[in-house]
Number of protein chains: 4
Amino acid sequence: MKALINSVRLMGRLGMDPEMKLFDNNRKLARTSLATNEVRRTGSGEKVTDAQWHNLVLWGNNAEIAEKYLKKGKEIAVEGRLTTRSFTDREGRKHFVTEIVVNELLMITKKEQEEKELAAEAV
Amino acid sequence: MKALINSVRLMGRLGMDPEMKLFDNNRKLARTSLATNEVRRTGSGEKVTDAQWHNLVLWGNNAEIAEKYLKKGKEIAVEGRLTTRSFTDREGRKHFVTEIVVNELLMITKKEQEEKELAAEAV
Amino acid sequence: MKALINSVRLMGRLGMDPEMKLFDNNRKLARTSLATNEVRRTGSGEKVTDAQWHNLVLWGNNAEIAEKYLKKGKEIAVEGRLTTRSFTDREGRKHFVTEIVVNELLMITKKEQEEKELAAEAV
Amino acid sequence: MKALINSVRLMGRLGMDPEMKLFDNNRKLARTSLATNEVRRTGSGEKVTDAQWHNLVLWGNNAEIAEKYLKKGKEIAVEGRLTTRSFTDREGRKHFVTEIVVNELLMITKKEQEEKELAAEAV
DNA sequence: TTTT
DNA sequence: TTTT
């Protein structure tokens, strides 16, 4: 609820099925990754697709929805908060991981659409 | 110009003066870091400030403005694009760096305000 | 390019084909209307769809895209600037019209999807 | 909580003190108006400030904050939902009113800043 | 690691 | 005036 301070909005396709984790206090966590594909033109005028990968983290009800409906290849839109945590590897080097903690999730690939696509493929 | 696909908005204070870099083709680059301070309540009801640090990258005209006006401690708002690049360190370990490439920059700390503050301090 | 000051983002379906207008200086204008459908729960727990209608205004290249690809019923996402203009009617009463001047336009209904849907319907 | 469907972000100064209204069920409402000032250049290169006025509506806790802290001339940032309602005037003509129902409110003019400004003015 |  |  502090979207004026820190807010990320992304639209793209999932690179993997969500990985689920259940905590002691029954809190559910889902992790997945999202590709954003931005088309840009090079100096010589060619179209290039610039894929960026983003780590998504979903808690509670968003994690439930992720578990039920999110699959590799599906298109979604998310709004969330940008966070960075650090950890130290076995060699003592510090690493940073930036993640989007999702507040809001919207399916772009609709259920009916999936069904229609399957029907079309079956012809 | 693909803000519907990938867009970040942040408001906070700079943790450092911008570091400038000039490239062969005369393109200017500025790097700095921004803290967002989100106030949240713990389970026991205490107020905690959750500071997140973000890497900002500014090109061209935005870099010029950064060079002239951005200083450690100043409050700004930015809109940009979320990007992640990776590099391999000397030990062969892969690292990821997530950065916000700034499209738009707004000074929250205004010049008049700075002057008034200085005047007030001088009393 | 002042999205930090004034920015609207909408996702929904068009209620009409765009109306085109060509000005002397060859500038093209498209007008259309967009419905956003927000699902909310009433006090008694029922699901209600709250449709809001928004006036969209598109200039230049966005107007070209509107003319070619936007049709009643299509789903799109837009980012734009909120503007209000006033006019006085024949009875001398002032009226206000609020419009979103679109900066960025994204088709949610994809071409392939339309074709697949048509193929599925044809079975 | 449907910011992916319908979201407005504005930053500017208030044109009036909020008008308060208390409903039977103890729900509080505040209304005020916000100006966004966008600087643009004319064809001949002159700087022009384009002021846009927006109607803000605040409910519940946001209304409480508005009542306590919002005053004419103060600078704020808001995130909200774009809504349009219509009414028919005495002459039977339909009018539309577009309003931003505020979800989130941030003071840009800070308390310390006000105090410093007052101190500076008092010199 | 997605998709067209 | 859209759509599910």
# chains A, B, ... in the order shown; residues from 1 in each chain; ligands from 1
>>> select_by_dssp(residues="chain B", states="strand (DSSP E)", output="number ranges by chain")
B: 6-14, 19-22, 28-41, 47-59, 75-88, 94-107
>>> residues_around(residues="region 43-56 of chain A", least_positions_apart="4", cutoff="8 Å", atoms="only C-alpha atoms (C1' of nucleotides)", output="list in words")
Arg31, Thr32, Ser33, Leu34, Ala35, Thr36, Asn37, Glu38, Val39, Thr98, Glu99, Ile100, Val101 and Val102 of chain A; Thr83 and Thr84 of chain B
>>> residues_around(residues="region 11-23 of chain B", least_positions_apart="4", cutoff="7 Å", atoms="only C-alpha atoms (C1' of nucleotides)", output="PyMOL selection string")
(chain A and resi 5-6) or (chain B and resi 27-37+66-67+70-78)
>>> atom_distance(atom1="CA of Val97 (chain C)", atom2="CA of Leu58 (chain D)")
21.4 Å
>>> select_by_dssp(residues="chain A", states="helix (DSSP H, G or I)", output="list of chain:residue names")
A:Gly60, A:Asn61, A:Asn62, A:Ala63, A:Glu64, A:Ile65, A:Ala66, A:Glu67, A:Lys68, A:Tyr69, A:Lys111, A:Glu112, A:Gln113, A:Glu114, A:Glu115, A:Lys116, A:Glu117, A:Leu118, A:Ala119, A:Ala120, A:Glu121, A:Ala122
>>> atom_distance(atom1="CA of Asn62 (chain D)", atom2="CA of Ala3 (chain D)")
17.1 Å
>>> atom_distance(atom1="CA of Glu104 (chain D)", atom2="CA of Gly60 (chain D)")
11.6 Å
